[in-house]
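Shown below: target27.cif, with mmCIF, C-alpha atoms and all ligand atoms.
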data_data
#
loop_
_atom_site.label_atom_id
_atom_site.label_comp_id
_atom_site.auth_asym_id
_atom_site.auth_seq_id
_atom_site.Cartn_x
_atom_site.Cartn_y
_atom_site.Cartn_z
CA MET A 1 -26.07 -165.36 -75.52
CA SER A 2 -29.14 -166.18 -77.49
CA LYS A 3 -30.98 -163.55 -79.49
CA THR A 4 -34.03 -163.81 -77.23
CA LYS A 5 -31.95 -163.21 -74.12
CA LYS A 6 -30.33 -160.19 -75.73
CA ARG A 7 -33.71 -158.80 -76.62
CA LEU A 8 -35.00 -159.35 -73.11
CA ILE A 9 -32.03 -157.56 -71.58
CA ILE A 10 -32.45 -154.62 -73.93
CA SER A 11 -36.18 -154.40 -73.18
CA PHE A 12 -35.61 -154.47 -69.43
CA THR A 13 -32.92 -151.84 -69.70
CA ILE A 14 -35.25 -149.53 -71.59
CA ILE A 15 -38.11 -150.09 -69.16
CA GLY A 16 -35.75 -149.66 -66.20
CA ALA A 17 -34.35 -146.42 -67.58
CA PHE A 18 -37.86 -145.17 -68.16
CA ILE A 19 -38.88 -145.92 -64.57
CA VAL A 20 -35.78 -144.21 -63.23
CA LEU A 21 -36.51 -141.18 -65.39
CA MET A 22 -40.12 -141.07 -64.16
CA ILE A 23 -38.97 -141.15 -60.54
CA VAL A 24 -36.28 -138.53 -61.09
CA PHE A 25 -38.61 -136.20 -63.01
CA GLY A 26 -41.48 -136.89 -60.62
CA ALA A 27 -39.27 -135.81 -57.75
CA PHE A 28 -37.91 -132.93 -59.80
CA PHE A 29 -41.36 -131.48 -60.46
CA SER A 30 -42.84 -132.36 -57.10
CA LEU A 31 -44.21 -129.21 -55.44
CA LYS A 32 -41.92 -128.12 -52.60
CA ASN A 33 -42.93 -124.57 -51.78
CA ILE A 34 -46.20 -122.62 -51.88
CA TYR A 35 -45.92 -118.86 -51.47
CA VAL A 36 -48.64 -116.28 -51.11
CA ASP A 37 -47.92 -112.75 -52.26
CA TYR A 38 -49.79 -109.53 -52.94
CA ALA A 39 -50.24 -108.27 -56.48
CA THR A 40 -51.86 -104.96 -55.47
CA SER A 41 -51.83 -102.63 -52.53
CA THR A 42 -53.80 -104.05 -49.64
CA PHE A 43 -56.53 -102.69 -47.46
CA ARG A 44 -59.01 -105.41 -46.69
CA ILE A 45 -57.13 -108.48 -47.90
CA GLU A 46 -54.40 -107.83 -45.36
CA GLU A 47 -56.52 -109.57 -42.75
CA TYR A 48 -56.59 -112.80 -44.76
CA SER A 49 -53.92 -115.09 -43.33
CA LYS A 50 -51.49 -116.49 -45.88
CA GLU A 51 -51.50 -119.79 -44.01
CA ASP A 52 -55.30 -120.00 -44.30
CA ILE A 53 -55.09 -119.27 -48.00
CA VAL A 54 -52.69 -122.15 -48.59
CA LYS A 55 -54.85 -124.43 -46.45
CA THR A 56 -58.11 -123.40 -48.12
CA SER A 57 -56.64 -123.81 -51.61
CA GLY A 58 -56.36 -127.55 -50.94
CA ILE A 59 -53.10 -127.60 -52.90
CA LYS A 60 -50.73 -130.11 -51.31
CA LYS A 61 -46.97 -130.25 -51.41
CA GLY A 62 -45.62 -133.24 -53.32
CA LYS A 63 -48.01 -132.85 -56.25
CA ASN A 64 -46.56 -132.69 -59.72
CA VAL A 65 -46.22 -129.05 -60.71
CA LEU A 66 -46.57 -129.86 -64.42
CA PHE A 67 -50.03 -131.33 -64.15
CA MET A 68 -51.64 -129.03 -61.62
CA SER A 69 -54.94 -127.33 -62.32
CA PHE A 70 -56.21 -124.48 -60.20
CA SER A 71 -59.90 -124.12 -60.98
CA LYS A 72 -61.10 -125.86 -57.81
CA ALA A 73 -58.61 -124.01 -55.63
CA SER A 74 -59.62 -120.74 -57.23
CA ALA A 75 -63.35 -121.31 -56.65
CA LYS A 76 -62.81 -122.21 -53.00
CA LEU A 77 -60.53 -119.24 -52.37
CA GLU A 78 -62.83 -116.75 -54.14
CA LYS A 79 -65.70 -117.88 -51.95
CA THR A 80 -63.78 -117.91 -48.67
CA PHE A 81 -61.90 -114.64 -49.23
CA PRO A 82 -64.41 -112.47 -51.11
CA TYR A 83 -62.31 -109.31 -51.33
CA ALA A 84 -59.45 -111.12 -53.04
CA LYS A 85 -58.79 -112.22 -56.59
CA PHE A 86 -56.25 -115.01 -57.09
CA GLU A 87 -53.68 -115.88 -59.68
CA PHE A 88 -51.51 -118.98 -59.65
CA VAL A 89 -47.99 -118.80 -60.99
CA ARG A 90 -45.75 -121.88 -61.25
CA THR A 91 -42.01 -121.45 -61.12
CA PHE A 92 -40.43 -124.59 -62.47
CA PRO A 93 -39.38 -126.99 -61.29
CA ASN A 94 -41.15 -127.01 -57.94
CA LYS A 95 -42.55 -123.67 -56.73
CA LEU A 96 -46.02 -122.19 -56.74
CA THR A 97 -46.96 -118.62 -55.90
CA ILE A 98 -50.54 -117.59 -55.22
CA TYR A 99 -50.86 -113.90 -56.05
CA MET A 100 -53.66 -112.08 -54.31
CA SER A 101 -55.07 -108.79 -55.54
CA GLU A 102 -57.69 -106.68 -53.84
CA ARG A 103 -61.14 -106.23 -55.32
CA THR A 104 -62.54 -102.72 -55.26
CA PRO A 105 -66.18 -101.99 -54.42
CA VAL A 106 -67.88 -100.09 -57.24
CA PHE A 107 -71.53 -100.00 -56.22
CA ARG A 108 -73.92 -100.91 -53.44
CA VAL A 109 -77.60 -101.81 -53.40
CA LEU A 110 -80.02 -102.28 -50.53
CA VAL A 111 -81.36 -105.84 -50.65
CA ASN A 112 -83.62 -107.17 -47.88
CA GLY A 113 -82.51 -104.46 -45.48
CA LYS A 114 -78.78 -104.96 -46.03
CA TRP A 115 -76.30 -103.18 -48.27
CA GLN A 116 -74.81 -105.53 -50.81
CA ILE A 117 -71.42 -104.35 -52.01
CA TYR A 118 -70.22 -105.39 -55.46
CA ASP A 119 -67.05 -105.05 -57.49
CA ARG A 120 -66.73 -104.63 -61.27
CA ASP A 121 -66.90 -108.39 -61.85
CA LEU A 122 -70.35 -108.23 -60.15
CA LYS A 123 -68.99 -110.27 -57.27
CA LEU A 124 -70.76 -109.78 -53.95
CA LEU A 125 -67.92 -108.69 -51.67
CA GLU A 126 -69.81 -108.04 -48.49
CA GLU A 127 -73.24 -107.57 -46.93
CA VAL A 128 -73.41 -104.69 -44.49
CA GLU A 129 -75.98 -103.63 -41.92
CA PRO A 130 -77.02 -100.02 -42.59
CA SER A 131 -75.81 -99.08 -39.09
CA ASN A 132 -72.28 -100.29 -39.95
CA LEU A 133 -72.11 -98.69 -43.36
CA GLU A 134 -69.39 -96.18 -42.44
CA GLU A 135 -66.94 -98.95 -41.58
CA ASN A 136 -64.22 -99.32 -44.22
CA ASN A 137 -65.69 -96.32 -46.10
CA ASN A 138 -68.51 -98.40 -47.53
CA ASP A 139 -70.71 -95.29 -47.28
CA LYS A 140 -68.51 -93.74 -50.01
CA VAL A 141 -69.39 -96.49 -52.48
CA PRO A 142 -71.96 -95.17 -55.01
CA VAL A 143 -75.53 -96.37 -54.62
CA LEU A 144 -76.99 -98.04 -57.67
CA SER A 145 -80.66 -97.48 -58.44
CA GLY A 146 -83.12 -98.03 -61.24
CA LYS A 147 -81.68 -101.40 -62.15
CA THR A 148 -83.04 -104.74 -61.04
CA LEU A 149 -80.40 -107.41 -60.93
CA ASN A 150 -80.51 -111.05 -59.93
CA TYR A 151 -78.80 -110.24 -56.68
CA ALA A 152 -76.37 -112.72 -55.23
CA THR A 153 -77.70 -114.84 -52.38
CA SER A 154 -74.41 -115.32 -50.62
CA VAL A 155 -71.17 -113.39 -50.16
CA GLY A 156 -68.44 -114.45 -52.59
CA ASP A 157 -70.90 -115.29 -55.37
CA THR A 158 -70.78 -113.57 -58.73
CA ILE A 159 -73.85 -112.55 -60.68
CA SER A 160 -74.03 -112.25 -64.43
CA ASP A 161 -75.49 -109.39 -66.45
CA VAL A 162 -73.12 -108.56 -69.26
CA LEU A 163 -74.96 -105.52 -70.62
CA PHE A 164 -75.32 -103.90 -67.20
CA GLN A 165 -71.71 -104.74 -66.33
CA THR A 166 -70.42 -103.17 -69.53
CA GLN A 167 -72.47 -100.02 -68.98
CA TYR A 168 -71.62 -99.68 -65.30
CA CYS A 169 -67.90 -100.23 -65.88
CA ALA A 170 -67.94 -97.61 -68.66
CA ILE A 171 -69.44 -95.11 -66.19
CA ALA A 172 -67.03 -95.99 -63.37
CA ASP A 173 -64.04 -95.93 -65.73
CA GLY A 174 -65.13 -92.60 -67.20
CA ILE A 175 -64.76 -91.14 -63.70
CA VAL A 176 -61.72 -93.05 -62.49
CA TYR A 177 -59.62 -93.29 -65.67
CA GLY A 178 -61.23 -90.64 -67.88
CA MET A 179 -61.18 -87.94 -65.20
CA LYS A 180 -58.62 -89.43 -62.78
CA ALA A 181 -61.12 -88.78 -59.99
CA PRO A 182 -62.09 -91.22 -57.23
CA LEU A 183 -65.37 -93.03 -57.82
CA SER A 184 -66.50 -91.68 -54.45
CA ILE A 185 -67.04 -88.19 -55.97
CA VAL A 186 -70.37 -89.68 -57.04
CA SER A 187 -72.91 -90.68 -54.41
CA ASP A 188 -75.55 -92.23 -56.65
CA ILE A 189 -75.72 -93.72 -60.11
CA ALA A 190 -79.22 -94.20 -61.47
CA PHE A 191 -80.22 -96.15 -64.57
CA ASN A 192 -83.41 -95.07 -66.25
CA TYR A 193 -85.19 -95.79 -69.48
CA ASN A 194 -86.95 -92.69 -70.71
CA ALA A 195 -90.12 -93.99 -72.36
CA ASP A 196 -90.97 -90.57 -73.88
CA THR A 197 -87.74 -90.29 -75.80
CA ASN A 198 -86.87 -94.01 -76.04
CA ILE A 199 -83.44 -93.18 -74.68
CA GLU A 200 -81.56 -94.86 -71.90
CA GLU A 201 -80.35 -92.38 -69.30
CA PHE A 202 -77.70 -92.58 -66.63
CA THR A 203 -77.80 -90.02 -63.86
CA LEU A 204 -74.83 -89.36 -61.58
CA THR A 205 -75.25 -87.35 -58.39
CA MET A 206 -72.19 -85.51 -57.16
CA ARG A 207 -71.46 -86.28 -53.52
CA ASP A 208 -70.14 -82.86 -52.52
CA SER A 209 -73.06 -80.81 -53.81
CA GLY A 210 -75.94 -82.93 -55.06
CA ALA A 211 -75.51 -81.61 -58.61
CA LYS A 212 -76.66 -84.04 -61.26
CA ILE A 213 -75.08 -85.19 -64.49
CA LEU A 214 -77.47 -86.89 -66.86
CA VAL A 215 -75.94 -88.88 -69.67
CA GLN A 216 -78.17 -89.86 -72.56
CA ASP A 217 -77.70 -93.14 -74.37
CA GLU A 218 -75.00 -95.75 -73.90
CA ASN A 219 -72.92 -94.86 -76.98
CA TYR A 220 -69.60 -93.33 -75.91
CA LEU A 221 -70.73 -93.78 -72.32
CA TYR A 222 -67.17 -93.64 -70.96
CA GLU A 223 -66.39 -90.42 -72.85
CA LYS A 224 -69.74 -88.85 -72.04
CA VAL A 225 -69.34 -89.47 -68.32
CA ALA A 226 -65.79 -88.13 -68.33
CA TYR A 227 -66.98 -85.06 -70.26
CA GLY A 228 -69.92 -84.43 -67.92
CA VAL A 229 -67.75 -84.77 -64.82
CA ASP A 230 -65.15 -82.49 -66.39
CA ILE A 231 -67.81 -79.81 -67.08
CA TYR A 232 -68.95 -80.10 -63.47
CA LEU A 233 -65.49 -79.95 -61.89
CA GLU A 234 -63.87 -77.36 -64.18
CA LYS A 235 -66.75 -75.07 -65.12
CA VAL A 236 -70.01 -75.42 -63.20
CA SER A 237 -68.67 -75.90 -59.66
CA GLN A 238 -66.16 -73.06 -60.24
CA ASN A 239 -68.83 -70.65 -61.44
CA SER A 240 -69.60 -68.13 -58.69
CA GLU A 241 -73.13 -67.70 -60.08
CA HIS A 242 -74.23 -71.03 -58.64
CA VAL A 243 -72.56 -70.85 -55.22
CA GLY A 244 -74.78 -72.34 -52.53
CA HIS A 245 -77.21 -74.01 -54.90
CA LEU A 246 -75.18 -76.49 -56.91
CA ASP A 247 -77.81 -79.09 -56.06
CA LYS A 248 -80.12 -77.22 -58.46
CA ILE A 249 -77.79 -77.91 -61.39
CA LEU A 250 -78.49 -80.44 -64.08
CA ILE A 251 -75.75 -81.09 -66.62
CA ARG A 252 -77.01 -83.07 -69.59
CA VAL A 253 -74.59 -84.83 -71.88
CA LEU A 254 -76.70 -85.32 -74.95
CA ARG A 255 -77.22 -88.42 -76.99
CA ASN A 256 -75.41 -87.07 -80.07
CA PHE A 257 -72.24 -86.23 -78.15
CA ASP A 258 -69.29 -87.38 -80.23
CA PRO A 259 -65.85 -87.35 -78.61
CA HIS A 260 -64.21 -87.08 -82.05
CA GLU A 261 -65.82 -83.72 -82.67
CA THR A 262 -63.66 -80.88 -81.39
CA ASP A 263 -64.80 -77.89 -79.36
CA ASP A 264 -64.95 -74.58 -81.21
CA GLY A 265 -62.55 -72.33 -79.37
CA GLY A 266 -63.22 -74.08 -76.07
CA GLU A 267 -66.89 -73.07 -76.01
CA LEU A 268 -69.35 -75.78 -75.12
CA SER A 269 -71.36 -76.88 -78.06
CA SER A 270 -75.03 -76.73 -77.22
CA LYS A 271 -75.49 -79.83 -79.33
CA ARG A 272 -73.36 -81.89 -76.99
CA VAL A 273 -74.18 -80.69 -73.52
CA SER A 274 -76.66 -78.50 -71.71
CA VAL A 275 -76.31 -76.97 -68.28
CA TYR A 276 -79.50 -76.00 -66.52
CA CYS A 277 -79.79 -74.29 -63.15
CA SER A 278 -83.32 -74.10 -61.73
CA VAL A 279 -82.35 -70.99 -59.71
CA CYS A 280 -80.46 -68.96 -62.34
CA ASP A 281 -82.15 -70.04 -65.57
ZN ZN B 1 -77.50 -71.20 -60.50
#
Let me see the file written as structure tokens.
Amino acid sequence: MSKTKKRLIISFTIIGAFIVLMIVFGAFFSLKNIYVDYATSTFRIEEYSKEDIVKTSGIKKGKNVLFMSFSKASAKLEKTFPYAKFEFVRTFPNKLTIYMSERTPVFRVLVNGKWQIYDRDLKLLEEVEPSNLEENNNDKVPVLSGKTLNYATSVGDTISDVLFQTQYCAIADGIVYGMKAPLSIVSDIAFNYNADTNIEEFTLTMRDSGAKILVQDENYLYEKVAYGVDIYLEKVSQNSEHVGHLDKILIRVLRNFDPHETDDGGELSSKRVSVYCSVCD
């Protein structure tokens, strides 16, 4: 055999082996199964059909699992199934699971005669006629006021306002994680800039009584909210003095509140908080 022939045979063998490998690996990593599973407890996302989710994702069986990207699928799904958040997990060699978690409403605003319901990512989850507000407990979602946002124009869209989002989430988390209380204990959350004092103020109205908690300034917002709610739940609402007129109570968590400062013998420091009752005081 001549040298050239030998070389040719070797070259073809290498190319052939490469092609075989490509086919074998291609088949090996070719998507066979798409599963849809829940990553959280379900309330509203239960009604989304798993079949529809796979269909809407546009992800087709037979695609190479290694080279898949999910940004398009994610955008389509987020828009079509507004109450869900999606995560894509590949199990090599050939499985894909779409995990669905439920988005939680955190505030509502009245826009053009309809309640817009948003979650903490500022995603518009739903638009509700005022007459249907009680459905799915949407009436228990706190009303936001005093803040003008670039409201979403269609359900499933997300708006962007990083400062507001940070502040609002700090308030919501102060209640939910700081105090381990449901967000629904608050009926209204108002943002206000006090021009006299140059201080930003956040006022929470308690749903059960109408009592107000005013938090000054965004520093330690999470801790201030948790502290104010704690004072309301543990002290003010338990105080027999104010029975029947809790709506006349204003708890102020002051600007200079510092969570690292400790209470002296459990007494409230007047520098950190003030409780005012327009009936008793
Ligand atoms: Zn009173």
Neighbours of point (-74.3, -82.2, -75.2) within 10 Å, using all atoms listed in the file, written as a list in words =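 Returned residue set, sorted by chain then number, is Val215, Gln216, Lys224, Tyr227, Gly228, Ile251, Arg252, Val253, Leu254, Arg255, Asn256, Phe257, Asp258, Leu268, Ser269, Ser270, Lys271, Arg272, Val273, Ser274 and Val275 of chain A.
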Chain A residues near ligand ZN 1 (chain B) within 12 Å, closest pair each, using all atoms listed in the file, as CSV:
residue,atom,partner,partner_atom,distance
A:Ala211,CA,B:ZN1,ZN,10.8
A:Val236,CA,B:ZN1,ZN,9.0
A:Ser237,CA,B:ZN1,ZN,10.0
A:Gln238,CA,B:ZN1,ZN,11.5
A:Asn239,CA,B:ZN1,ZN,8.7
A:Ser240,CA,B:ZN1,ZN,8.7
A:Glu241,CA,B:ZN1,ZN,5.6
A:His242,CA,B:ZN1,ZN,3.8
A:Val243,CA,B:ZN1,ZN,7.2
A:Gly244,CA,B:ZN1,ZN,8.5
A:His245,CA,B:ZN1,ZN,6.3
A:Leu246,CA,B:ZN1,ZN,6.8
A:Asp247,CA,B:ZN1,ZN,9.1
A:Lys248,CA,B:ZN1,ZN,6.9
A:Ile249,CA,B:ZN1,ZN,6.8
A:Leu250,CA,B:ZN1,ZN,10.0
A:Ile251,CA,B:ZN1,ZN,11.8
A:Val275,CA,B:ZN1,ZN,9.8
A:Tyr276,CA,B:ZN1,ZN,8.0
A:Cys277,CA,B:ZN1,ZN,4.7
A:Ser278,CA,B:ZN1,ZN,6.6
A:Val279,CA,B:ZN1,ZN,4.9
A:Cys280,CA,B:ZN1,ZN,4.1
A:Asp281,CA,B:ZN1,ZN,7.0
Min atom-atom distance to Gln167 (chain A) from the set A:Lys114, A:Lys212, A:Lys3, A:Arg120, counting only C-alpha atoms, belongs to A:Arg120
CA of Ala152 (chain A) and CA of Pro82 (chain A), how far apart in Å?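 These atoms are spaced 12.7 Å apart.
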When you look at Ile34 (chain A) with a cut-off of 9 Å (counting all atoms listed in the file), what residues show up, excluding the ones that are within fewer than 4 positions of it in the same chain? I need them as a ChimeraX atom specification.
/A:54,59-61,95-98
| said: Which residues are near region 38-50 of chain A? Cut-off 8 Å, all atoms listed in the file, ignore same chain within fewer than 2 positions. Put them as a PyMOL selection string. | reply: chain A and resi 36+52-54+81+83-84+99-102
Selection: 7 Å around Ala172 (chain A), only C-alpha atoms, excl. self and same-chain fewer than 4 positions, as a PyMOL selection string: chain A and resi 168+176+183
Selection export as an mmCIF file, in the coordinates of the input, atoms kept: C-alpha atoms:
data_model
loop_
_atom_site.group_PDB
_atom_site.id
_atom_site.type_symbol
_atom_site.label_atom_id
_atom_site.label_comp_id
_atom_site.auth_asym_id
_atom_site.auth_seq_id
_atom_site.Cartn_x
_atom_site.Cartn_y
_atom_site.Cartn_z
ATOM 1 C CA TYR A 168 -71.620 -99.680 -65.300
ATOM 2 C CA VAL A 176 -61.720 -93.050 -62.490
ATOM 3 C CA LEU A 183 -65.370 -93.030 -57.820
#
Requested in this report: Kindly give the distance, in Å, that separates CA of Ile10 (chain A) and CA of Val24 (chain A), rounded to a single decimal.
Outcome: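 These atoms are spaced 20.9 Å apart.
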Test item: residues at most 10 Å from region 178-181 of chain A, only C-alpha atoms, excluding those fewer than 5 positions along its chain, as a PyMOL selection string = chain A and resi 170-173+186+222-230+233
**Message:** I'd like the contact shell of Ser30 (chain A) - 12 Å cut-off, all atoms listed in the file, skipping same-chain residues fewer than 6 positions apart - returned as a VMD selection string.
**Reply:** chain A and resid 22 to 24 60 to 68 90 to 96
Practice problem: Would you kindly identify which residues have an atom no farther than 7 Å from (-77.0, -102.1, -42.9), using only C-alpha atoms and the file's own coordinates, and write them out as a PyMOL selection string? | Solution: chain A and resi 113-115+128-133
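With CA of Met206 (chain A) on one side and CA of Glu134 (chain A) on the other, the separation reads 18.4 Å.
The nearest approach to Ser160 (chain A) among the residues A:Tyr118, A:Phe86, A:Ala75, A:Ser184, with all atoms listed in the file taken into account, belongs to A:Tyr118.
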Next on the checklist: Please determine, counting only C-alpha atoms, which residue among A:Thr56, A:Thr104, A:Thr205, A:Asn219 has the shortest atom-to-atom distance to Asn138 (chain A).
Outcome noted: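 Of A:Thr56, A:Thr104, A:Thr205, A:Asn219, the one nearest Asn138 (chain A), counting only C-alpha atoms, is A:Thr104.
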Counting only C-alpha atoms, the residue among A:Val155, A:Lys235, A:Phe70, A:Gly146 that lies closest to Asn194 (chain A) is A:Gly146
Shortest contact to Gly156 (chain A), candidates A:Glu135, A:Asp188, A:Glu200, A:Asp119, atoms counted all atoms listed in the file, goes to A:Asp119
